[in-house]
Amino acid sequence: MDSIPANRRLWNRISGAYQREHDPRIGAAPRLWGMYSVPDAELRALGDVRGKRVLELGCGAGQWSRALVAEGASVVGVDLSEAQLAAAVGAMGEGRCPLVQGAAERLPFADESFDLVFCDFGGLSWAPPQLAVPQAARVLRRGGRLVFNVASPWFEACYDEDAGRVTTTLQKDYFGLDAIAEGDGATSYQLTYGDWVRVLRGAGLVIDDLIEPRPGPGTPNGYNETDPPDWAHRWPAELLWVTHKP
Ligand SMILES: C[S@@+](CC[C@H](N)C(=O)[O-])C[C@H]1O[C@@H](n2cnc3c(N)ncnc32)[C@H](O)[C@@H]1O
């Protein structure tokens with residue numbers, strides 16, 4: 001299934017409102033992971049990036065990319081949406097890193113050109129992982145790492161579409177979550193735990209860790225309502241995969 005055109009249209013349409021709502025939080029401090037803005041200093045997923053060639057896969061307005069540039073990494077941001085890339089240009093100003101329009105499904109980069117490929121609810125949430133993971137593995141050099149954060153199957157299976165919130169009741173089948181309709185043909189993607197393992201290993205990657213970020217009880221979710229409010233303190237809302245190419 002080719003979701004590239006519809007996902008590009010969606011992100012072009014919502015980019016302005018998305019950045020107005022979320023940039024003040026996700027751009028406020030460096031290295032914040034996911035819906036609860038959990039600091040990487042706590043999760044220790046990304047490691048030292050100084051001197052590394054880094055690709056952010058679905059960089060949006062580049063909040064992560066510009067933080068890693070400031071740490072001394074050589075970063076390229078790729079994103080499907082020209083509106084999101086325009087937001088990145090506006091936010092980064094003159095000292096911006098290279099920004100490339102492209103899809104995680106068909107990365108416009110040579111084999112083995114990066115030391116680290118990563119994203120936070122980016123290309124690995126919005127492209128079929130069966131296509132995007134092998135692409136990420138292809139552009140990594142040997143020893144390079146793929147690190148990414150996506151919603152957990154728990155979170156997706158407990159999401160009540162009608163109520164617009166995450167609940168404590170299973171709303172959807174776990175098997176077959178797969179492609180999630182986001183309106184007007186746009187699609188996000190989800191895999192079972194077993195399928196993530198198979199897709200990562202099938203692309204030749206070694207799984208080093210699966211971090212399940214656990215925000216403190218009062219930590220707000222910047223994107224979704226949950227019932228109870230401390231849902232993610234009790235169940236894993238996100239999967240932060242840490243892998244490398246041997
Ligand atoms: C939730 S944002 C993630 C960016 C940033 N981490 C943030 O939290 O705002 C998702 C980004 O993925 C981009 N995107 C959607 N589909 C994509 C694809 N197939 N390939 C690359 N980027 C894609 C969107 O344009 C959007 O900028």
# chains A, B, ... in the order shown; residues from 1 in each chain; ligands from 1
call {"tool": "residues_around", "arguments": {"residues": "Tyr193 of chain A", "least_positions_apart": "5", "cutoff": "9 Å", "atoms": "only C-alpha atoms", "output": "compact mmCIF listing (two decimals) with all heavy atoms, in the first residue's frame"}}
result
# COMPACT_ATOMS: atom_id res chain seq x y z
N SER A 152 2.97 2.06 21.59
CA SER A 152 2.94 0.63 21.90
C SER A 152 1.64 0.01 21.41
O SER A 152 0.62 0.70 21.28
CB SER A 152 3.06 0.42 23.41
OG SER A 152 1.81 0.66 24.02
N PRO A 153 1.65 -1.30 21.14
CA PRO A 153 0.38 -1.97 20.78
C PRO A 153 -0.66 -1.85 21.90
O PRO A 153 -1.85 -1.80 21.61
CB PRO A 153 0.80 -3.43 20.59
CG PRO A 153 2.26 -3.41 20.33
CD PRO A 153 2.79 -2.22 21.08
N ARG A 198 10.70 -9.52 14.20
CA ARG A 198 10.99 -10.16 12.91
C ARG A 198 11.43 -9.13 11.86
O ARG A 198 12.35 -9.40 11.07
CB ARG A 198 9.78 -10.95 12.42
CG ARG A 198 9.68 -12.33 13.07
CD ARG A 198 8.47 -13.10 12.58
NE ARG A 198 7.23 -12.60 13.14
CZ ARG A 198 6.76 -12.92 14.35
NH1 ARG A 198 7.42 -13.77 15.11
NH2 ARG A 198 5.63 -12.41 14.79
call {"tool": "residues_near_ligand", "arguments": {"ligand": "ligand 1", "cutoff": "9 Å", "atoms": "only C-alpha atoms and all ligand atoms", "output": "count of residues only"}}
result
57
call {"tool": "select_by_dssp", "arguments": {"residues": "segment 154-238 of chain A", "states": "alpha helix (DSSP H)", "output": "number ranges by chain"}}
result
A: 154-157, 193-202, 231-234
call {"tool": "write_last_selection", "arguments": {"atoms": "N, CA and C atoms", "output": "mmCIF file, in the first residue's frame"}}
result
data_model
loop_
_atom_site.group_PDB
_atom_site.id
_atom_site.type_symbol
_atom_site.label_atom_id
_atom_site.label_comp_id
_atom_site.auth_asym_id
_atom_site.auth_seq_id
_atom_site.Cartn_x
_atom_site.Cartn_y
_atom_site.Cartn_z
ATOM 1 N N TRP A 154 -0.223 -1.760 23.157
ATOM 2 C CA TRP A 154 -1.169 -1.566 24.267
ATOM 3 C C TRP A 154 -1.958 -0.276 24.062
ATOM 4 N N PHE A 155 -1.210 0.801 23.772
ATOM 5 C CA PHE A 155 -1.803 2.124 23.612
ATOM 6 C C PHE A 155 -2.806 2.122 22.461
ATOM 7 N N GLU A 156 -2.391 1.524 21.342
ATOM 8 C CA GLU A 156 -3.268 1.496 20.158
ATOM 9 C C GLU A 156 -4.496 0.630 20.417
ATOM 10 N N ALA A 157 -4.302 -0.518 21.051
ATOM 11 C CA ALA A 157 -5.430 -1.438 21.246
ATOM 12 C C ALA A 157 -6.448 -0.873 22.242
ATOM 13 N N TYR A 193 4.502 -7.004 18.872
ATOM 14 C CA TYR A 193 5.883 -7.144 19.368
ATOM 15 C C TYR A 193 6.655 -8.151 18.504
ATOM 16 N N GLY A 194 6.009 -9.272 18.210
ATOM 17 C CA GLY A 194 6.681 -10.311 17.424
ATOM 18 C C GLY A 194 7.044 -9.827 16.033
ATOM 19 N N ASP A 195 6.136 -9.073 15.420
ATOM 20 C CA ASP A 195 6.423 -8.571 14.075
ATOM 21 C C ASP A 195 7.558 -7.542 14.093
ATOM 22 N N TRP A 196 7.609 -6.694 15.132
ATOM 23 C CA TRP A 196 8.751 -5.755 15.227
ATOM 24 C C TRP A 196 10.066 -6.536 15.286
ATOM 25 N N VAL A 197 10.094 -7.576 16.119
ATOM 26 C CA VAL A 197 11.329 -8.371 16.244
ATOM 27 C C VAL A 197 11.700 -8.972 14.894
ATOM 28 N N ARG A 198 10.700 -9.521 14.204
ATOM 29 C CA ARG A 198 10.993 -10.157 12.911
ATOM 30 C C ARG A 198 11.433 -9.132 11.860
ATOM 31 N N VAL A 199 10.794 -7.968 11.831
ATOM 32 C CA VAL A 199 11.166 -6.951 10.834
ATOM 33 C C VAL A 199 12.578 -6.425 11.111
ATOM 34 N N LEU A 200 12.893 -6.195 12.380
ATOM 35 C CA LEU A 200 14.234 -5.674 12.716
ATOM 36 C C LEU A 200 15.305 -6.722 12.414
ATOM 37 N N ARG A 201 15.067 -7.947 12.864
ATOM 38 C CA ARG A 201 16.054 -9.007 12.625
ATOM 39 C C ARG A 201 16.148 -9.334 11.131
ATOM 40 N N GLY A 202 15.011 -9.277 10.446
ATOM 41 C CA GLY A 202 14.981 -9.562 9.006
ATOM 42 C C GLY A 202 15.797 -8.551 8.209
ATOM 43 N N TRP A 231 -2.389 6.818 32.947
ATOM 44 C CA TRP A 231 -2.399 5.570 32.162
ATOM 45 C C TRP A 231 -0.972 5.087 31.879
ATOM 46 N N ALA A 232 -0.136 5.999 31.375
ATOM 47 C CA ALA A 232 1.209 5.580 30.923
ATOM 48 C C ALA A 232 2.152 5.298 32.084
ATOM 49 N N HIS A 233 1.763 5.670 33.294
ATOM 50 C CA HIS A 233 2.561 5.275 34.457
ATOM 51 C C HIS A 233 2.274 3.819 34.810
ATOM 52 N N ARG A 234 1.107 3.357 34.331
ATOM 53 C CA ARG A 234 0.673 2.000 34.702
ATOM 54 C C ARG A 234 0.879 0.986 33.578
#
call {"tool": "closest_residue", "arguments": {"among": "A:Pro217, A:Arg20, A:Glu238, A:Val54", "to": "Glu71 of chain A", "atoms": "only C-alpha atoms"}}
result
A:Val54
call {"tool": "select_by_dssp", "arguments": {"residues": "segment 119-188 of chain A", "states": "strand (DSSP E)", "output": "list in words"}}
result
Cys119, Asp120, Leu140, Arg141, Arg142, Gly143, Gly144, Arg145, Leu146, Val147, Phe148, Asn149, Val150, Ala151, Tyr159, Asp160, Arg165, Val166, Ala179, Ile180, Ala181, Glu182, Gly183, Ala186, Thr187 and Ser188 of chain A
call {"tool": "closest_residue", "arguments": {"among": "A:Val150, A:Ile211, A:Tyr36, A:Gly183", "to": "Glu225 of chain A", "atoms": "only C-alpha atoms"}}
result
A:Tyr36
call {"tool": "atom_distance", "arguments": {"atom1": "atom CA of Arg53 of chain A", "atom2": "atom CA of Phe114 of chain A"}}
result
5.0 Å
call {"tool": "closest_residue", "arguments": {"among": "A:Gly77, A:Pro215, A:Phe118, A:Ala29", "to": "Trp235 of chain A", "atoms": "only C-alpha atoms"}}
result
A:Pro215
call {"tool": "residues_around", "arguments": {"residues": "Lys52 of chain A", "least_positions_apart": "4", "cutoff": "7 Å", "atoms": "only C-alpha atoms", "output": "PDB file with all heavy atoms, in the first residue's frame"}}
result
ATOM      1  N   ALA A  73      27.043  16.813  16.230  1.00  0.00           N
ATOM      2  CA  ALA A  73      26.771  15.787  15.214  1.00  0.00           C
ATOM      3  C   ALA A  73      26.586  16.455  13.855  1.00  0.00           C
ATOM      4  O   ALA A  73      26.240  17.635  13.767  1.00  0.00           O
ATOM      5  CB  ALA A  73      25.507  15.009  15.579  1.00  0.00           C
ATOM      6  N   SER A  74      26.795  15.677  12.822  1.00  0.00           N
ATOM      7  CA  SER A  74      26.527  16.138  11.464  1.00  0.00           C
ATOM      8  C   SER A  74      25.189  15.506  11.058  1.00  0.00           C
ATOM      9  O   SER A  74      25.121  14.307  10.796  1.00  0.00           O
ATOM     10  CB  SER A  74      27.681  15.667  10.588  1.00  0.00           C
ATOM     11  OG  SER A  74      27.336  15.779   9.266  1.00  0.00           O
ATOM     12  N   ASP A 115      25.981   6.983  10.763  1.00  0.00           N
ATOM     13  CA  ASP A 115      26.353   6.257  11.992  1.00  0.00           C
ATOM     14  C   ASP A 115      25.135   6.019  12.879  1.00  0.00           C
ATOM     15  O   ASP A 115      25.152   5.121  13.723  1.00  0.00           O
ATOM     16  CB  ASP A 115      27.364   7.073  12.809  1.00  0.00           C
ATOM     17  CG  ASP A 115      28.596   7.406  12.010  1.00  0.00           C
ATOM     18  OD1 ASP A 115      29.224   6.477  11.487  1.00  0.00           O
ATOM     19  OD2 ASP A 115      28.914   8.605  11.891  1.00  0.00           O
TER      20      ASP A 115
END
call {"tool": "atom_distance", "arguments": {"atom1": "atom CA of Ala137 of chain A", "atom2": "atom CA of Ala91 of chain A"}}
result
29.2 Å
call {"tool": "decode", "arguments": {"residues": "segment 114-160 of chain A", "atoms": "N, CA and C atoms", "output": "PDB file, in the first residue's frame"}}
result
ATOM      1  N   PHE A 114      25.403   6.627   7.191  1.00  0.00           N
ATOM      2  CA  PHE A 114      25.137   7.232   8.508  1.00  0.00           C
ATOM      3  C   PHE A 114      25.618   6.317   9.646  1.00  0.00           C
ATOM      4  N   ASP A 115      25.981   6.983  10.763  1.00  0.00           N
ATOM      5  CA  ASP A 115      26.353   6.257  11.992  1.00  0.00           C
ATOM      6  C   ASP A 115      25.135   6.019  12.879  1.00  0.00           C
ATOM      7  N   LEU A 116      24.133   6.874  12.727  1.00  0.00           N
ATOM      8  CA  LEU A 116      22.933   6.776  13.561  1.00  0.00           C
ATOM      9  C   LEU A 116      21.736   7.209  12.726  1.00  0.00           C
ATOM     10  N   VAL A 117      20.718   6.374  12.706  1.00  0.00           N
ATOM     11  CA  VAL A 117      19.420   6.751  12.125  1.00  0.00           C
ATOM     12  C   VAL A 117      18.432   6.685  13.279  1.00  0.00           C
ATOM     13  N   PHE A 118      17.633   7.730  13.429  1.00  0.00           N
ATOM     14  CA  PHE A 118      16.701   7.716  14.560  1.00  0.00           C
ATOM     15  C   PHE A 118      15.441   8.488  14.215  1.00  0.00           C
ATOM     16  N   CYS A 119      14.396   8.240  14.981  1.00  0.00           N
ATOM     17  CA  CYS A 119      13.212   9.104  14.900  1.00  0.00           C
ATOM     18  C   CYS A 119      12.355   8.927  16.148  1.00  0.00           C
ATOM     19  N   ASP A 120      11.569   9.956  16.378  1.00  0.00           N
ATOM     20  CA  ASP A 120      10.651   9.998  17.507  1.00  0.00           C
ATOM     21  C   ASP A 120       9.253  10.210  16.923  1.00  0.00           C
ATOM     22  N   PHE A 121       8.500   9.119  16.792  1.00  0.00           N
ATOM     23  CA  PHE A 121       7.183   9.145  16.144  1.00  0.00           C
ATOM     24  C   PHE A 121       7.293   9.718  14.728  1.00  0.00           C
ATOM     25  N   GLY A 122       8.371   9.403  14.036  1.00  0.00           N
ATOM     26  CA  GLY A 122       8.606   9.902  12.687  1.00  0.00           C
ATOM     27  C   GLY A 122       8.324   8.848  11.633  1.00  0.00           C
ATOM     28  N   GLY A 123       9.299   8.638  10.752  1.00  0.00           N
ATOM     29  CA  GLY A 123       9.104   7.771   9.596  1.00  0.00           C
ATOM     30  C   GLY A 123       8.734   6.330   9.943  1.00  0.00           C
ATOM     31  N   LEU A 124       9.116   5.869  11.128  1.00  0.00           N
ATOM     32  CA  LEU A 124       8.784   4.480  11.455  1.00  0.00           C
ATOM     33  C   LEU A 124       7.384   4.339  12.055  1.00  0.00           C
ATOM     34  N   SER A 125       6.708   5.475  12.261  1.00  0.00           N
ATOM     35  CA  SER A 125       5.285   5.434  12.615  1.00  0.00           C
ATOM     36  C   SER A 125       4.417   5.697  11.394  1.00  0.00           C
ATOM     37  N   TRP A 126       5.000   6.356  10.387  1.00  0.00           N
ATOM     38  CA  TRP A 126       4.197   6.846   9.263  1.00  0.00           C
ATOM     39  C   TRP A 126       4.527   6.186   7.927  1.00  0.00           C
ATOM     40  N   ALA A 127       5.405   5.205   7.949  1.00  0.00           N
ATOM     41  CA  ALA A 127       5.699   4.409   6.747  1.00  0.00           C
ATOM     42  C   ALA A 127       5.595   2.945   7.155  1.00  0.00           C
ATOM     43  N   PRO A 128       5.224   2.053   6.245  1.00  0.00           N
ATOM     44  CA  PRO A 128       5.170   0.636   6.619  1.00  0.00           C
ATOM     45  C   PRO A 128       6.544   0.185   7.118  1.00  0.00           C
ATOM     46  N   PRO A 129       6.636  -0.295   8.368  1.00  0.00           N
ATOM     47  CA  PRO A 129       7.944  -0.702   8.895  1.00  0.00           C
ATOM     48  C   PRO A 129       8.628  -1.765   8.042  1.00  0.00           C
ATOM     49  N   GLN A 130       7.838  -2.598   7.361  1.00  0.00           N
ATOM     50  CA  GLN A 130       8.435  -3.636   6.503  1.00  0.00           C
ATOM     51  C   GLN A 130       9.258  -3.008   5.373  1.00  0.00           C
ATOM     52  N   LEU A 131       8.929  -1.751   4.996  1.00  0.00           N
ATOM     53  CA  LEU A 131       9.706  -1.040   3.980  1.00  0.00           C
ATOM     54  C   LEU A 131      10.741  -0.119   4.614  1.00  0.00           C
ATOM     55  N   ALA A 132      10.340   0.576   5.687  1.00  0.00           N
ATOM     56  CA  ALA A 132      11.197   1.629   6.244  1.00  0.00           C
ATOM     57  C   ALA A 132      12.375   1.062   7.039  1.00  0.00           C
ATOM     58  N   VAL A 133      12.180  -0.061   7.737  1.00  0.00           N
ATOM     59  CA  VAL A 133      13.293  -0.603   8.531  1.00  0.00           C
ATOM     60  C   VAL A 133      14.438  -1.068   7.615  1.00  0.00           C
ATOM     61  N   PRO A 134      14.165  -1.833   6.545  1.00  0.00           N
ATOM     62  CA  PRO A 134      15.276  -2.217   5.662  1.00  0.00           C
ATOM     63  C   PRO A 134      15.979  -1.006   5.025  1.00  0.00           C
ATOM     64  N   GLN A 135      15.223   0.055   4.760  1.00  0.00           N
ATOM     65  CA  GLN A 135      15.844   1.269   4.214  1.00  0.00           C
ATOM     66  C   GLN A 135      16.787   1.895   5.242  1.00  0.00           C
ATOM     67  N   ALA A 136      16.326   1.967   6.484  1.00  0.00           N
ATOM     68  CA  ALA A 136      17.172   2.532   7.545  1.00  0.00           C
ATOM     69  C   ALA A 136      18.427   1.677   7.705  1.00  0.00           C
ATOM     70  N   ALA A 137      18.259   0.351   7.661  1.00  0.00           N
ATOM     71  CA  ALA A 137      19.413  -0.549   7.809  1.00  0.00           C
ATOM     72  C   ALA A 137      20.383  -0.378   6.638  1.00  0.00           C
ATOM     73  N   ARG A 138      19.830  -0.175   5.461  1.00  0.00           N
ATOM     74  CA  ARG A 138      20.677  -0.018   4.265  1.00  0.00           C
ATOM     75  C   ARG A 138      21.593   1.196   4.393  1.00  0.00           C
ATOM     76  N   VAL A 139      21.059   2.324   4.887  1.00  0.00           N
ATOM     77  CA  VAL A 139      21.874   3.552   4.902  1.00  0.00           C
ATOM     78  C   VAL A 139      22.797   3.633   6.132  1.00  0.00           C
ATOM     79  N   LEU A 140      22.669   2.652   7.050  1.00  0.00           N
ATOM     80  CA  LEU A 140      23.560   2.624   8.213  1.00  0.00           C
ATOM     81  C   LEU A 140      24.870   1.948   7.858  1.00  0.00           C
ATOM     82  N   ARG A 141      25.966   2.488   8.377  1.00  0.00           N
ATOM     83  CA  ARG A 141      27.248   1.779   8.235  1.00  0.00           C
ATOM     84  C   ARG A 141      27.293   0.650   9.274  1.00  0.00           C
ATOM     85  N   ARG A 142      28.202  -0.300   9.080  1.00  0.00           N
ATOM     86  CA  ARG A 142      28.326  -1.390  10.057  1.00  0.00           C
ATOM     87  C   ARG A 142      28.699  -0.811  11.417  1.00  0.00           C
ATOM     88  N   GLY A 143      28.034  -1.252  12.444  1.00  0.00           N
ATOM     89  CA  GLY A 143      28.255  -0.700  13.795  1.00  0.00           C
ATOM     90  C   GLY A 143      27.322   0.468  14.086  1.00  0.00           C
ATOM     91  N   GLY A 144      26.665   0.977  13.034  1.00  0.00           N
ATOM     92  CA  GLY A 144      25.742   2.104  13.219  1.00  0.00           C
ATOM     93  C   GLY A 144      24.460   1.649  13.913  1.00  0.00           C
ATOM     94  N   ARG A 145      23.707   2.624  14.441  1.00  0.00           N
ATOM     95  CA  ARG A 145      22.546   2.290  15.269  1.00  0.00           C
ATOM     96  C   ARG A 145      21.254   2.856  14.692  1.00  0.00           C
ATOM     97  N   LEU A 146      20.199   2.078  14.840  1.00  0.00           N
ATOM     98  CA  LEU A 146      18.846   2.562  14.535  1.00  0.00           C
ATOM     99  C   LEU A 146      18.090   2.613  15.859  1.00  0.00           C
ATOM    100  N   VAL A 147      17.634   3.799  16.222  1.00  0.00           N
ATOM    101  CA  VAL A 147      16.949   4.025  17.505  1.00  0.00           C
ATOM    102  C   VAL A 147      15.647   4.768  17.194  1.00  0.00           C
ATOM    103  N   PHE A 148      14.528   4.244  17.651  1.00  0.00           N
ATOM    104  CA  PHE A 148      13.269   4.922  17.304  1.00  0.00           C
ATOM    105  C   PHE A 148      12.177   4.622  18.323  1.00  0.00           C
ATOM    106  N   ASN A 149      11.273   5.589  18.410  1.00  0.00           N
ATOM    107  CA  ASN A 149      10.187   5.525  19.383  1.00  0.00           C
ATOM    108  C   ASN A 149       8.849   5.496  18.633  1.00  0.00           C
ATOM    109  N   VAL A 150       7.999   4.557  18.996  1.00  0.00           N
ATOM    110  CA  VAL A 150       6.661   4.435  18.381  1.00  0.00           C
ATOM    111  C   VAL A 150       5.645   4.173  19.494  1.00  0.00           C
ATOM    112  N   ALA A 151       4.372   4.297  19.156  1.00  0.00           N
ATOM    113  CA  ALA A 151       3.332   3.958  20.134  1.00  0.00           C
ATOM    114  C   ALA A 151       3.361   2.458  20.394  1.00  0.00           C
ATOM    115  N   SER A 152       2.971   2.060  21.588  1.00  0.00           N
ATOM    116  CA  SER A 152       2.944   0.626  21.903  1.00  0.00           C
ATOM    117  C   SER A 152       1.644   0.010  21.407  1.00  0.00           C
ATOM    118  N   PRO A 153       1.649  -1.304  21.144  1.00  0.00           N
ATOM    119  CA  PRO A 153       0.384  -1.972  20.783  1.00  0.00           C
ATOM    120  C   PRO A 153      -0.660  -1.848  21.896  1.00  0.00           C
ATOM    121  N   TRP A 154      -0.223  -1.760  23.157  1.00  0.00           N
ATOM    122  CA  TRP A 154      -1.169  -1.566  24.267  1.00  0.00           C
ATOM    123  C   TRP A 154      -1.958  -0.276  24.062  1.00  0.00           C
ATOM    124  N   PHE A 155      -1.210   0.801  23.772  1.00  0.00           N
ATOM    125  CA  PHE A 155      -1.803   2.124  23.612  1.00  0.00           C
ATOM    126  C   PHE A 155      -2.806   2.122  22.461  1.00  0.00           C
ATOM    127  N   GLU A 156      -2.391   1.524  21.342  1.00  0.00           N
ATOM    128  CA  GLU A 156      -3.268   1.496  20.158  1.00  0.00           C
ATOM    129  C   GLU A 156      -4.496   0.630  20.417  1.00  0.00           C
ATOM    130  N   ALA A 157      -4.302  -0.518  21.051  1.00  0.00           N
ATOM    131  CA  ALA A 157      -5.430  -1.438  21.246  1.00  0.00           C
ATOM    132  C   ALA A 157      -6.448  -0.873  22.242  1.00  0.00           C
ATOM    133  N   CYS A 158      -6.009   0.015  23.133  1.00  0.00           N
ATOM    134  CA  CYS A 158      -6.906   0.591  24.146  1.00  0.00           C
ATOM    135  C   CYS A 158      -7.458   1.945  23.714  1.00  0.00           C
ATOM    136  N   TYR A 159      -7.137   2.401  22.483  1.00  0.00           N
ATOM    137  CA  TYR A 159      -7.610   3.713  22.020  1.00  0.00           C
ATOM    138  C   TYR A 159      -9.060   3.620  21.540  1.00  0.00           C
ATOM    139  N   ASP A 160      -9.920   4.362  22.204  1.00  0.00           N
ATOM    140  CA  ASP A 160     -11.339   4.390  21.853  1.00  0.00           C
ATOM    141  C   ASP A 160     -11.567   5.518  20.845  1.00  0.00           C
TER     142      ASP A 160
END
